[in-house]
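*Asks:* This is the content of query_16.txt (compact mmCIF, N, CA and C atoms and all ligand atoms):
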```
# COMPACT_ATOMS: atom_id res chain seq x y z
N MET A 1 -27.48 -97.02 4.50
CA MET A 1 -27.00 -95.66 4.24
C MET A 1 -25.75 -95.40 5.06
N ASP A 2 -24.74 -94.82 4.42
CA ASP A 2 -23.49 -94.48 5.12
C ASP A 2 -23.26 -92.97 5.08
N ILE A 3 -23.03 -92.41 6.26
CA ILE A 3 -22.85 -90.96 6.41
C ILE A 3 -21.44 -90.69 6.92
N LEU A 4 -20.80 -89.70 6.30
CA LEU A 4 -19.48 -89.25 6.75
C LEU A 4 -19.68 -88.08 7.71
N VAL A 5 -19.17 -88.24 8.93
CA VAL A 5 -19.28 -87.17 9.94
C VAL A 5 -17.89 -86.54 10.10
N ILE A 6 -17.83 -85.25 9.77
CA ILE A 6 -16.54 -84.55 9.78
C ILE A 6 -16.55 -83.49 10.88
N ASN A 7 -15.54 -83.52 11.72
CA ASN A 7 -15.32 -82.46 12.71
C ASN A 7 -14.00 -81.76 12.40
N GLY A 8 -14.06 -80.44 12.35
CA GLY A 8 -12.90 -79.63 11.99
C GLY A 8 -12.04 -79.25 13.19
N PRO A 9 -11.25 -78.20 13.03
CA PRO A 9 -10.22 -77.84 14.01
C PRO A 9 -10.76 -77.54 15.41
N ASN A 10 -10.01 -78.02 16.37
CA ASN A 10 -10.23 -77.77 17.81
C ASN A 10 -11.42 -78.52 18.40
N LEU A 11 -12.17 -79.22 17.57
CA LEU A 11 -13.26 -80.01 18.15
C LEU A 11 -12.72 -81.19 18.93
N ASN A 12 -11.50 -81.61 18.61
CA ASN A 12 -10.83 -82.65 19.41
C ASN A 12 -10.49 -82.16 20.81
N MET A 13 -10.62 -80.85 21.05
CA MET A 13 -10.32 -80.27 22.37
C MET A 13 -11.57 -80.10 23.23
N LEU A 14 -12.69 -80.65 22.77
CA LEU A 14 -13.92 -80.55 23.57
C LEU A 14 -13.69 -81.11 24.97
N GLY A 15 -14.31 -80.44 25.94
CA GLY A 15 -14.11 -80.83 27.34
C GLY A 15 -13.02 -80.01 27.99
N ILE A 16 -12.09 -79.52 27.16
CA ILE A 16 -10.98 -78.68 27.65
C ILE A 16 -11.19 -77.24 27.20
N ARG A 17 -11.58 -77.09 25.93
CA ARG A 17 -11.69 -75.73 25.36
C ARG A 17 -12.98 -75.05 25.84
N GLU A 18 -12.84 -73.82 26.28
CA GLU A 18 -13.96 -72.93 26.60
C GLU A 18 -15.23 -73.68 27.05
N PRO A 19 -15.17 -74.33 28.21
CA PRO A 19 -16.33 -75.13 28.65
C PRO A 19 -17.61 -74.31 28.83
N ALA A 20 -17.48 -73.02 29.07
CA ALA A 20 -18.69 -72.20 29.23
C ALA A 20 -19.47 -72.14 27.91
N ILE A 21 -18.76 -72.31 26.81
CA ILE A 21 -19.42 -72.27 25.49
C ILE A 21 -19.72 -73.68 24.99
N TYR A 22 -18.73 -74.58 25.12
CA TYR A 22 -18.84 -75.89 24.46
C TYR A 22 -19.16 -77.04 25.42
N GLY A 23 -19.22 -76.73 26.72
CA GLY A 23 -19.56 -77.77 27.69
C GLY A 23 -18.35 -78.55 28.17
N ARG A 24 -18.61 -79.48 29.09
CA ARG A 24 -17.51 -80.24 29.72
C ARG A 24 -17.37 -81.64 29.14
N GLU A 25 -18.29 -82.02 28.29
CA GLU A 25 -18.18 -83.35 27.68
C GLU A 25 -17.04 -83.34 26.66
N THR A 26 -16.36 -84.46 26.56
CA THR A 26 -15.15 -84.54 25.74
C THR A 26 -15.47 -84.94 24.29
N PHE A 27 -14.43 -84.88 23.47
CA PHE A 27 -14.59 -85.30 22.07
C PHE A 27 -14.91 -86.80 22.01
N ALA A 28 -14.31 -87.57 22.91
CA ALA A 28 -14.62 -89.01 22.96
C ALA A 28 -16.11 -89.21 23.28
N ASP A 29 -16.63 -88.37 24.19
CA ASP A 29 -18.07 -88.45 24.51
C ASP A 29 -18.90 -88.15 23.25
N LEU A 30 -18.48 -87.14 22.50
CA LEU A 30 -19.22 -86.78 21.27
C LEU A 30 -19.19 -87.94 20.27
N GLN A 31 -18.02 -88.53 20.11
CA GLN A 31 -17.91 -89.65 19.15
C GLN A 31 -18.81 -90.82 19.56
N ARG A 32 -18.83 -91.10 20.87
CA ARG A 32 -19.68 -92.19 21.37
C ARG A 32 -21.15 -91.84 21.10
N TYR A 33 -21.52 -90.59 21.39
CA TYR A 33 -22.90 -90.13 21.18
C TYR A 33 -23.31 -90.30 19.71
N ILE A 34 -22.41 -89.91 18.79
CA ILE A 34 -22.73 -90.00 17.36
C ILE A 34 -22.91 -91.47 16.96
N ARG A 35 -22.00 -92.33 17.44
CA ARG A 35 -22.09 -93.77 17.08
C ARG A 35 -23.38 -94.38 17.61
N GLU A 36 -23.73 -94.04 18.87
CA GLU A 36 -24.96 -94.60 19.47
C GLU A 36 -26.19 -94.11 18.71
N THR A 37 -26.19 -92.82 18.37
CA THR A 37 -27.34 -92.26 17.63
C THR A 37 -27.46 -92.93 16.27
N ALA A 38 -26.34 -93.11 15.59
CA ALA A 38 -26.35 -93.73 14.26
C ALA A 38 -26.88 -95.16 14.36
N ASP A 39 -26.46 -95.89 15.39
CA ASP A 39 -26.94 -97.26 15.59
C ASP A 39 -28.46 -97.27 15.77
N ALA A 40 -28.95 -96.33 16.59
CA ALA A 40 -30.39 -96.27 16.86
C ALA A 40 -31.16 -95.93 15.57
N LEU A 41 -30.57 -95.10 14.73
CA LEU A 41 -31.23 -94.71 13.46
C LEU A 41 -31.00 -95.74 12.36
N GLN A 42 -30.14 -96.71 12.67
CA GLN A 42 -29.76 -97.73 11.69
C GLN A 42 -29.13 -97.13 10.42
N VAL A 43 -28.21 -96.19 10.65
CA VAL A 43 -27.37 -95.68 9.55
C VAL A 43 -25.91 -95.93 9.92
N GLY A 44 -25.10 -96.14 8.90
CA GLY A 44 -23.67 -96.31 9.14
C GLY A 44 -22.99 -94.95 9.23
N VAL A 45 -21.99 -94.83 10.09
CA VAL A 45 -21.23 -93.58 10.16
C VAL A 45 -19.73 -93.87 10.15
N THR A 46 -19.01 -92.96 9.49
CA THR A 46 -17.56 -92.92 9.60
C THR A 46 -17.23 -91.58 10.21
N LEU A 47 -16.42 -91.59 11.26
CA LEU A 47 -16.08 -90.35 11.97
C LEU A 47 -14.69 -89.90 11.57
N TYR A 48 -14.58 -88.62 11.24
CA TYR A 48 -13.28 -88.06 10.83
C TYR A 48 -13.10 -86.71 11.50
N GLN A 49 -11.90 -86.49 12.04
CA GLN A 49 -11.58 -85.16 12.61
C GLN A 49 -10.20 -84.75 12.14
N SER A 50 -10.08 -83.48 11.77
CA SER A 50 -8.75 -82.95 11.44
C SER A 50 -8.70 -81.47 11.77
N ASN A 51 -7.48 -81.03 12.09
CA ASN A 51 -7.25 -79.60 12.33
C ASN A 51 -6.77 -78.90 11.06
N HIS A 52 -6.68 -79.65 9.94
CA HIS A 52 -6.02 -79.13 8.74
C HIS A 52 -7.00 -78.98 7.58
N GLU A 53 -7.07 -77.79 7.05
CA GLU A 53 -8.05 -77.47 6.01
C GLU A 53 -7.92 -78.40 4.80
N GLY A 54 -6.69 -78.61 4.31
CA GLY A 54 -6.50 -79.45 3.12
C GLY A 54 -6.93 -80.89 3.36
N ASP A 55 -6.72 -81.39 4.58
CA ASP A 55 -7.16 -82.76 4.90
C ASP A 55 -8.68 -82.85 4.85
N LEU A 56 -9.35 -81.77 5.29
CA LEU A 56 -10.82 -81.76 5.25
C LEU A 56 -11.29 -81.73 3.80
N VAL A 57 -10.61 -80.97 2.95
CA VAL A 57 -10.94 -80.95 1.51
C VAL A 57 -10.75 -82.36 0.93
N ASP A 58 -9.63 -83.00 1.26
CA ASP A 58 -9.35 -84.36 0.74
C ASP A 58 -10.46 -85.34 1.14
N VAL A 59 -10.86 -85.31 2.39
CA VAL A 59 -11.83 -86.30 2.86
C VAL A 59 -13.20 -86.04 2.24
N ILE A 60 -13.54 -84.79 1.98
CA ILE A 60 -14.81 -84.48 1.29
C ILE A 60 -14.74 -84.99 -0.15
N GLN A 61 -13.64 -84.75 -0.83
CA GLN A 61 -13.50 -85.26 -2.21
C GLN A 61 -13.61 -86.78 -2.24
N ASP A 62 -12.97 -87.44 -1.27
CA ASP A 62 -12.97 -88.92 -1.24
C ASP A 62 -14.34 -89.50 -0.90
N ALA A 63 -15.25 -88.66 -0.39
CA ALA A 63 -16.58 -89.15 -0.01
C ALA A 63 -17.43 -89.51 -1.21
N LEU A 64 -17.07 -88.97 -2.36
CA LEU A 64 -17.86 -89.20 -3.58
C LEU A 64 -17.90 -90.69 -3.92
N GLY A 65 -19.11 -91.23 -4.04
CA GLY A 65 -19.27 -92.65 -4.37
C GLY A 65 -19.19 -93.58 -3.18
N LYS A 66 -18.83 -93.04 -2.00
CA LYS A 66 -18.70 -93.89 -0.80
C LYS A 66 -19.80 -93.63 0.22
N TYR A 67 -20.26 -92.39 0.29
CA TYR A 67 -21.25 -92.00 1.30
C TYR A 67 -22.47 -91.37 0.63
N GLN A 68 -23.58 -91.44 1.35
CA GLN A 68 -24.82 -90.86 0.82
C GLN A 68 -25.14 -89.52 1.49
N GLY A 69 -24.28 -89.09 2.42
CA GLY A 69 -24.50 -87.80 3.06
C GLY A 69 -23.29 -87.40 3.89
N ILE A 70 -23.20 -86.10 4.14
CA ILE A 70 -22.11 -85.56 4.96
C ILE A 70 -22.72 -84.72 6.07
N LEU A 71 -22.27 -84.98 7.30
CA LEU A 71 -22.60 -84.12 8.45
C LEU A 71 -21.29 -83.46 8.86
N ILE A 72 -21.24 -82.15 8.81
CA ILE A 72 -19.95 -81.48 9.03
C ILE A 72 -20.07 -80.33 10.03
N ASN A 73 -19.16 -80.36 11.03
CA ASN A 73 -18.91 -79.20 11.86
C ASN A 73 -17.52 -78.70 11.46
N PRO A 74 -17.47 -77.67 10.62
CA PRO A 74 -16.16 -77.24 10.10
C PRO A 74 -15.35 -76.40 11.09
N GLY A 75 -15.85 -76.23 12.33
CA GLY A 75 -15.13 -75.41 13.31
C GLY A 75 -14.90 -74.01 12.74
N ALA A 76 -13.74 -73.45 13.02
CA ALA A 76 -13.46 -72.08 12.57
C ALA A 76 -13.40 -71.95 11.05
N TYR A 77 -13.14 -73.06 10.34
CA TYR A 77 -13.11 -72.98 8.87
C TYR A 77 -14.48 -72.65 8.28
N THR A 78 -15.53 -72.85 9.09
CA THR A 78 -16.87 -72.41 8.68
C THR A 78 -16.83 -71.01 8.11
N HIS A 79 -16.07 -70.15 8.81
CA HIS A 79 -16.15 -68.71 8.56
C HIS A 79 -15.08 -68.22 7.60
N THR A 80 -14.21 -69.12 7.15
CA THR A 80 -13.07 -68.69 6.33
C THR A 80 -12.87 -69.49 5.05
N SER A 81 -13.42 -70.71 4.98
CA SER A 81 -12.91 -71.64 3.96
C SER A 81 -13.76 -71.73 2.69
N VAL A 82 -13.31 -71.03 1.67
CA VAL A 82 -13.90 -71.20 0.34
C VAL A 82 -13.54 -72.58 -0.20
N ALA A 83 -12.37 -73.10 0.19
CA ALA A 83 -11.93 -74.43 -0.30
C ALA A 83 -12.87 -75.54 0.17
N ILE A 84 -13.32 -75.48 1.42
CA ILE A 84 -14.26 -76.50 1.91
C ILE A 84 -15.61 -76.33 1.21
N LEU A 85 -16.06 -75.10 1.04
CA LEU A 85 -17.30 -74.86 0.28
C LEU A 85 -17.18 -75.45 -1.12
N ASP A 86 -16.08 -75.19 -1.80
CA ASP A 86 -15.91 -75.68 -3.17
C ASP A 86 -15.88 -77.21 -3.23
N ALA A 87 -15.26 -77.85 -2.23
CA ALA A 87 -15.22 -79.32 -2.20
C ALA A 87 -16.63 -79.89 -2.04
N LEU A 88 -17.42 -79.27 -1.16
CA LEU A 88 -18.81 -79.72 -0.96
C LEU A 88 -19.62 -79.53 -2.25
N LYS A 89 -19.41 -78.40 -2.92
CA LYS A 89 -20.12 -78.15 -4.18
C LYS A 89 -19.66 -79.13 -5.27
N ALA A 90 -18.42 -79.55 -5.20
CA ALA A 90 -17.90 -80.48 -6.21
C ALA A 90 -18.54 -81.85 -6.08
N VAL A 91 -18.65 -82.37 -4.85
CA VAL A 91 -19.17 -83.74 -4.69
C VAL A 91 -20.68 -83.80 -4.68
N GLN A 92 -21.33 -82.66 -4.35
CA GLN A 92 -22.80 -82.57 -4.44
C GLN A 92 -23.54 -83.61 -3.58
N LEU A 93 -22.98 -83.98 -2.44
CA LEU A 93 -23.69 -84.90 -1.55
C LEU A 93 -24.62 -84.10 -0.62
N PRO A 94 -25.74 -84.71 -0.22
CA PRO A 94 -26.58 -84.05 0.78
C PRO A 94 -25.74 -83.73 2.01
N THR A 95 -25.80 -82.49 2.47
CA THR A 95 -24.89 -82.03 3.53
C THR A 95 -25.64 -81.23 4.59
N VAL A 96 -25.37 -81.60 5.83
CA VAL A 96 -25.88 -80.83 6.98
C VAL A 96 -24.69 -80.22 7.70
N GLU A 97 -24.78 -78.93 7.98
CA GLU A 97 -23.76 -78.21 8.76
C GLU A 97 -24.25 -78.13 10.20
N VAL A 98 -23.39 -78.49 11.13
CA VAL A 98 -23.78 -78.47 12.54
C VAL A 98 -22.77 -77.70 13.37
N HIS A 99 -23.27 -76.96 14.34
CA HIS A 99 -22.43 -76.25 15.31
C HIS A 99 -22.97 -76.48 16.70
N LEU A 100 -22.07 -76.72 17.63
CA LEU A 100 -22.49 -76.92 19.03
C LEU A 100 -23.09 -75.63 19.59
N SER A 101 -22.43 -74.52 19.30
CA SER A 101 -22.88 -73.22 19.83
C SER A 101 -23.76 -72.52 18.80
N ASP A 102 -24.46 -71.50 19.27
CA ASP A 102 -25.33 -70.73 18.38
C ASP A 102 -24.52 -69.61 17.75
N ILE A 103 -23.94 -69.90 16.60
CA ILE A 103 -23.01 -68.94 15.97
C ILE A 103 -23.70 -67.63 15.58
N SER A 104 -25.01 -67.66 15.45
CA SER A 104 -25.72 -66.43 15.06
C SER A 104 -25.79 -65.42 16.21
N HIS A 105 -25.49 -65.88 17.43
CA HIS A 105 -25.52 -64.98 18.58
C HIS A 105 -24.15 -64.82 19.22
N ARG A 106 -23.09 -65.08 18.43
CA ARG A 106 -21.74 -64.90 18.98
C ARG A 106 -21.05 -63.73 18.26
N GLU A 107 -19.71 -63.73 18.24
CA GLU A 107 -19.00 -62.60 17.62
C GLU A 107 -19.44 -62.44 16.17
N VAL A 108 -19.35 -61.23 15.67
CA VAL A 108 -19.77 -60.93 14.30
C VAL A 108 -19.05 -61.83 13.29
N PHE A 109 -17.75 -62.11 13.55
CA PHE A 109 -17.00 -62.90 12.57
C PHE A 109 -17.48 -64.35 12.48
N ARG A 110 -18.26 -64.80 13.47
CA ARG A 110 -18.80 -66.17 13.42
C ARG A 110 -20.17 -66.21 12.75
N GLN A 111 -20.71 -65.07 12.42
CA GLN A 111 -22.10 -65.05 11.96
C GLN A 111 -22.23 -65.32 10.47
N PHE A 112 -21.11 -65.31 9.75
CA PHE A 112 -21.13 -65.69 8.33
C PHE A 112 -20.52 -67.08 8.17
N SER A 113 -21.19 -67.91 7.39
CA SER A 113 -20.67 -69.26 7.11
C SER A 113 -20.59 -69.49 5.60
N TYR A 114 -19.38 -69.78 5.12
CA TYR A 114 -19.22 -70.18 3.72
C TYR A 114 -19.94 -71.50 3.46
N VAL A 115 -19.83 -72.42 4.42
CA VAL A 115 -20.39 -73.76 4.24
C VAL A 115 -21.91 -73.70 4.08
N SER A 116 -22.55 -72.73 4.73
CA SER A 116 -24.01 -72.56 4.60
C SER A 116 -24.44 -72.21 3.19
N LEU A 117 -23.49 -71.75 2.36
CA LEU A 117 -23.84 -71.43 0.97
C LEU A 117 -24.11 -72.71 0.16
N TYR A 118 -23.67 -73.87 0.73
CA TYR A 118 -24.01 -75.15 0.07
C TYR A 118 -24.92 -76.04 0.93
N ALA A 119 -24.68 -76.08 2.23
CA ALA A 119 -25.40 -77.03 3.10
C ALA A 119 -26.91 -76.87 2.95
N GLN A 120 -27.59 -78.02 2.87
CA GLN A 120 -29.05 -77.98 2.72
C GLN A 120 -29.74 -77.71 4.05
N LYS A 121 -29.01 -77.96 5.14
CA LYS A 121 -29.59 -77.69 6.46
C LYS A 121 -28.49 -77.25 7.41
N VAL A 122 -28.78 -76.29 8.27
CA VAL A 122 -27.82 -75.80 9.26
C VAL A 122 -28.47 -75.92 10.64
N ILE A 123 -27.74 -76.55 11.56
CA ILE A 123 -28.24 -76.73 12.93
C ILE A 123 -27.19 -76.14 13.86
N ALA A 124 -27.58 -75.19 14.70
CA ALA A 124 -26.61 -74.54 15.59
C ALA A 124 -27.22 -74.29 16.96
N GLY A 125 -26.38 -74.42 17.98
CA GLY A 125 -26.81 -74.05 19.32
C GLY A 125 -27.52 -75.15 20.07
N LYS A 126 -27.47 -76.38 19.55
CA LYS A 126 -28.17 -77.48 20.22
C LYS A 126 -27.22 -78.49 20.85
N GLY A 127 -25.93 -78.15 20.90
CA GLY A 127 -24.96 -79.07 21.50
C GLY A 127 -24.90 -80.39 20.74
N PHE A 128 -24.65 -81.48 21.49
CA PHE A 128 -24.54 -82.80 20.86
C PHE A 128 -25.83 -83.16 20.09
N ALA A 129 -26.98 -82.72 20.61
CA ALA A 129 -28.26 -83.08 19.98
C ALA A 129 -28.34 -82.63 18.52
N GLY A 130 -27.59 -81.59 18.19
CA GLY A 130 -27.56 -81.12 16.80
C GLY A 130 -27.02 -82.18 15.85
N TYR A 131 -26.07 -82.99 16.33
CA TYR A 131 -25.53 -84.08 15.49
C TYR A 131 -26.60 -85.14 15.25
N ALA A 132 -27.38 -85.44 16.29
CA ALA A 132 -28.46 -86.43 16.15
C ALA A 132 -29.50 -85.92 15.16
N GLU A 133 -29.84 -84.64 15.29
CA GLU A 133 -30.83 -84.05 14.38
C GLU A 133 -30.31 -84.09 12.94
N GLY A 134 -29.04 -83.82 12.78
CA GLY A 134 -28.43 -83.83 11.44
C GLY A 134 -28.44 -85.22 10.82
N LEU A 135 -28.10 -86.23 11.61
CA LEU A 135 -28.13 -87.61 11.09
C LEU A 135 -29.54 -88.01 10.69
N ALA A 136 -30.51 -87.64 11.54
CA ALA A 136 -31.92 -87.98 11.24
C ALA A 136 -32.37 -87.27 9.97
N TRP A 137 -31.95 -86.03 9.80
CA TRP A 137 -32.34 -85.27 8.58
C TRP A 137 -31.76 -85.94 7.34
N LEU A 138 -30.50 -86.36 7.42
CA LEU A 138 -29.85 -86.99 6.26
C LEU A 138 -30.54 -88.33 5.93
N LYS A 139 -30.92 -89.08 6.98
CA LYS A 139 -31.61 -90.35 6.74
C LYS A 139 -32.95 -90.09 6.04
N GLU A 140 -33.67 -89.09 6.56
CA GLU A 140 -34.99 -88.76 6.02
C GLU A 140 -34.90 -88.30 4.56
N HIS A 141 -33.82 -87.62 4.21
CA HIS A 141 -33.69 -87.06 2.87
C HIS A 141 -32.80 -87.90 1.96
N ASN A 142 -32.63 -89.18 2.32
CA ASN A 142 -31.78 -90.07 1.50
C ASN A 142 -32.53 -90.53 0.26
C1 LIG B 201 -18.18 -74.19 16.23
C2 LIG B 201 -18.33 -72.68 16.12
C3 LIG B 201 -17.14 -72.07 15.43
O1 LIG B 201 -17.29 -70.65 15.34
C4 LIG B 201 -15.87 -72.36 16.21
O2 LIG B 201 -14.75 -71.85 15.54
C5 LIG B 201 -15.70 -73.80 16.52
C6 LIG B 201 -16.88 -74.58 16.91
C7 LIG B 201 -19.32 -74.84 17.06
O3 LIG B 201 -19.45 -76.05 17.00
O4 LIG B 201 -20.06 -74.13 17.75
O5 LIG B 201 -14.60 -74.34 16.50
O6 LIG B 201 -18.22 -74.75 14.93
```
Let's see the structure in the file written out as structure tokens.

*Replies:*
Amino acid sequence: MDILVINGPNLNMLGIREPAIYGRETFADLQRYIRETADALQVGVTLYQSNHEGDLVDVIQDALGKYQGILINPGAYTHTSVAILDALKAVQLPTVEVHLSDISHREVFRQFSYVSLYAQKVIAGKGFAGYAEGLAWLKEHN
């Protein structure tokens, strides 16, 4: 099984950005964590990060026929992007939405997610462990 793991804008700034919310571990630490977890679960992963909405749409479209699931942290596009929602609906792959922080207990503008209108599972507020839970869920539902 091959899973596409997508991280959206500013997640490459982990370790630097708002450590009180996102912690001090870096994006490189997160990527290592995801790879190690995938190895332990015996699933293949491809890691992709972009700060650009259209690039995220492109990579979701390209996932069709290549991956059996998508794990996505859309960053701030979670709350704004109909285009990312539409791309996910177009390819119809099993999809888990993950957030490091608990968006349901933050600013009001973070409490709505377009991506949740398609994602079969949403995991928030569990830090890096949310990515592991998401990979395990996708494996289980393959
Ligand atoms: C985030 C939450 C979003 O509201 C925010 O814009 C992010 C990160 C999270 O992982 O908690 O960039 O998706």

*Asks:* Could you check which of A:Pro94, A:Leu135, A:Val43, A:Phe128 is closest to Ala28 of chain A, using only C-alpha atoms?

*Replies:*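 Selected residue with least distance to Ala28 of chain A: A:Phe128.
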
*Asks:* Quick one: pull the distance between atom N of Glu97 of chain A and atom C of Leu71 of chain A, Å, one decimal.

*Replies:*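 Rounded to one decimal, the two atoms are 5.8 Å apart.
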
*Asks:* Can you pull out the residues contacting Gly127 of chain A? Cut-off 8 Å, using all atoms listed in the file, and skip same-chain residues under 4 positions away; I want them as a count of residues only.

*Replies:* 8

*Asks:* Please report the interatomic distance between atom C of Ala119 of chain A and atom CA of His141 of chain A in Å with one decimal.

*Replies:*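 Answer for the atom C of Ala119 of chain A to atom CA of His141 of chain A separation: 12.2 Å.
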
*Asks:* Mind listing the residues within 10 Å of ligand LIG 201 (chain B), only C-alpha atoms and all ligand atoms counted, as number ranges by chain?

*Replies:* A: 7-14, 17, 21-22, 51, 72-80, 97-104, 106-107, 109-113, 123-128, 130

*Asks:* Taking only N, CA and C atoms into account, name the residue in A:Leu85, A:Leu30, A:Ile60, A:Leu4 that is nearest to Tyr48 of chain A.

*Replies:*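 Closest candidate: A:Leu4.
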
*Asks:* To one decimal place, how far is atom CA of Gly23 of chain A from atom CA of Val115 of chain A in Å?

*Replies:*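 These atoms are spaced 23.8 Å apart.
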
*Asks:* List as number ranges by chain the residues having at least one atom at most 10 Å from position (-32.2, -89.8, 7.7) as given in the file, counting only C-alpha atoms.

*Replies:* A: 1, 3, 38, 41-43, 69, 132-142

*Asks:* Which is closest to Lys66 of chain A among A:Val91, A:Ala83, A:Ala40, A:Ile34, if we use only C-alpha atoms?

*Replies:*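 Comparing A:Val91, A:Ala83, A:Ala40, A:Ile34 against Lys66 of chain A, the winner is A:Val91.
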
*Asks:* Please determine, counting all atoms listed in the file, which residue among A:Val108, A:Ala90, A:Ala20, A:Ile84 has the shortest atom-to-atom distance to Gly54 of chain A.

*Replies:*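 For Gly54 of chain A, the nearest of the candidates is A:Ile84.
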
*Asks:* Enumerate, as a count of residues only, the complete set of residues in chain A that a backbone-based DSSP assignment places in helix (DSSP H, G or I).

*Replies:* 68

*Asks:* Please enclose the listed atoms of segment 120-138 of chain A in an axis-aligned box, pad each side by 4 Å, and write out the centre and the three edge lengths in Å, rounded to one decimal, as AutoDock Vina command-line options.

*Replies:*
```
--center_x -28.5 --center_y -81.2 --center_z 12.1 --size_x 15.8 --size_y 22.3 --size_z 26.8
```

*Asks:* Considering only C-alpha atoms, can you say which of A:Val5, A:Ala129, A:Leu117, A:Ile70 comes closest to Gln49 of chain A?

*Replies:*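 Looking only at the distances to Gln49 of chain A, the closest residue turns out to be A:Val5.
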
*Asks:* From a DSSP pass on the backbone, collect the residues of chain A flagged as strand (DSSP E) and hand them back as a list in words.

*Replies:*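 Those in chain A that DSSP calls strand (DSSP E) are Asp2, Ile3, Leu4, Val5, Ile6, Asn7, Gly44, Val45, Thr46, Leu47, Tyr48, Gln49, Gly69, Ile70, Leu71, Ile72, Asn73, Thr95, Val96, Glu97, Val98, His99, Lys121, Val122, Ile123 and Ala124 of chain A.
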
*Asks:* Select, from A:Gln92, A:Arg35, A:Ile6, A:Lys121, the residue with the minimum atom-to-atom distance to His52 of chain A, counting only C-alpha atoms.

*Replies:*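 Of all the options, A:Ile6 lies closest to His52 of chain A.
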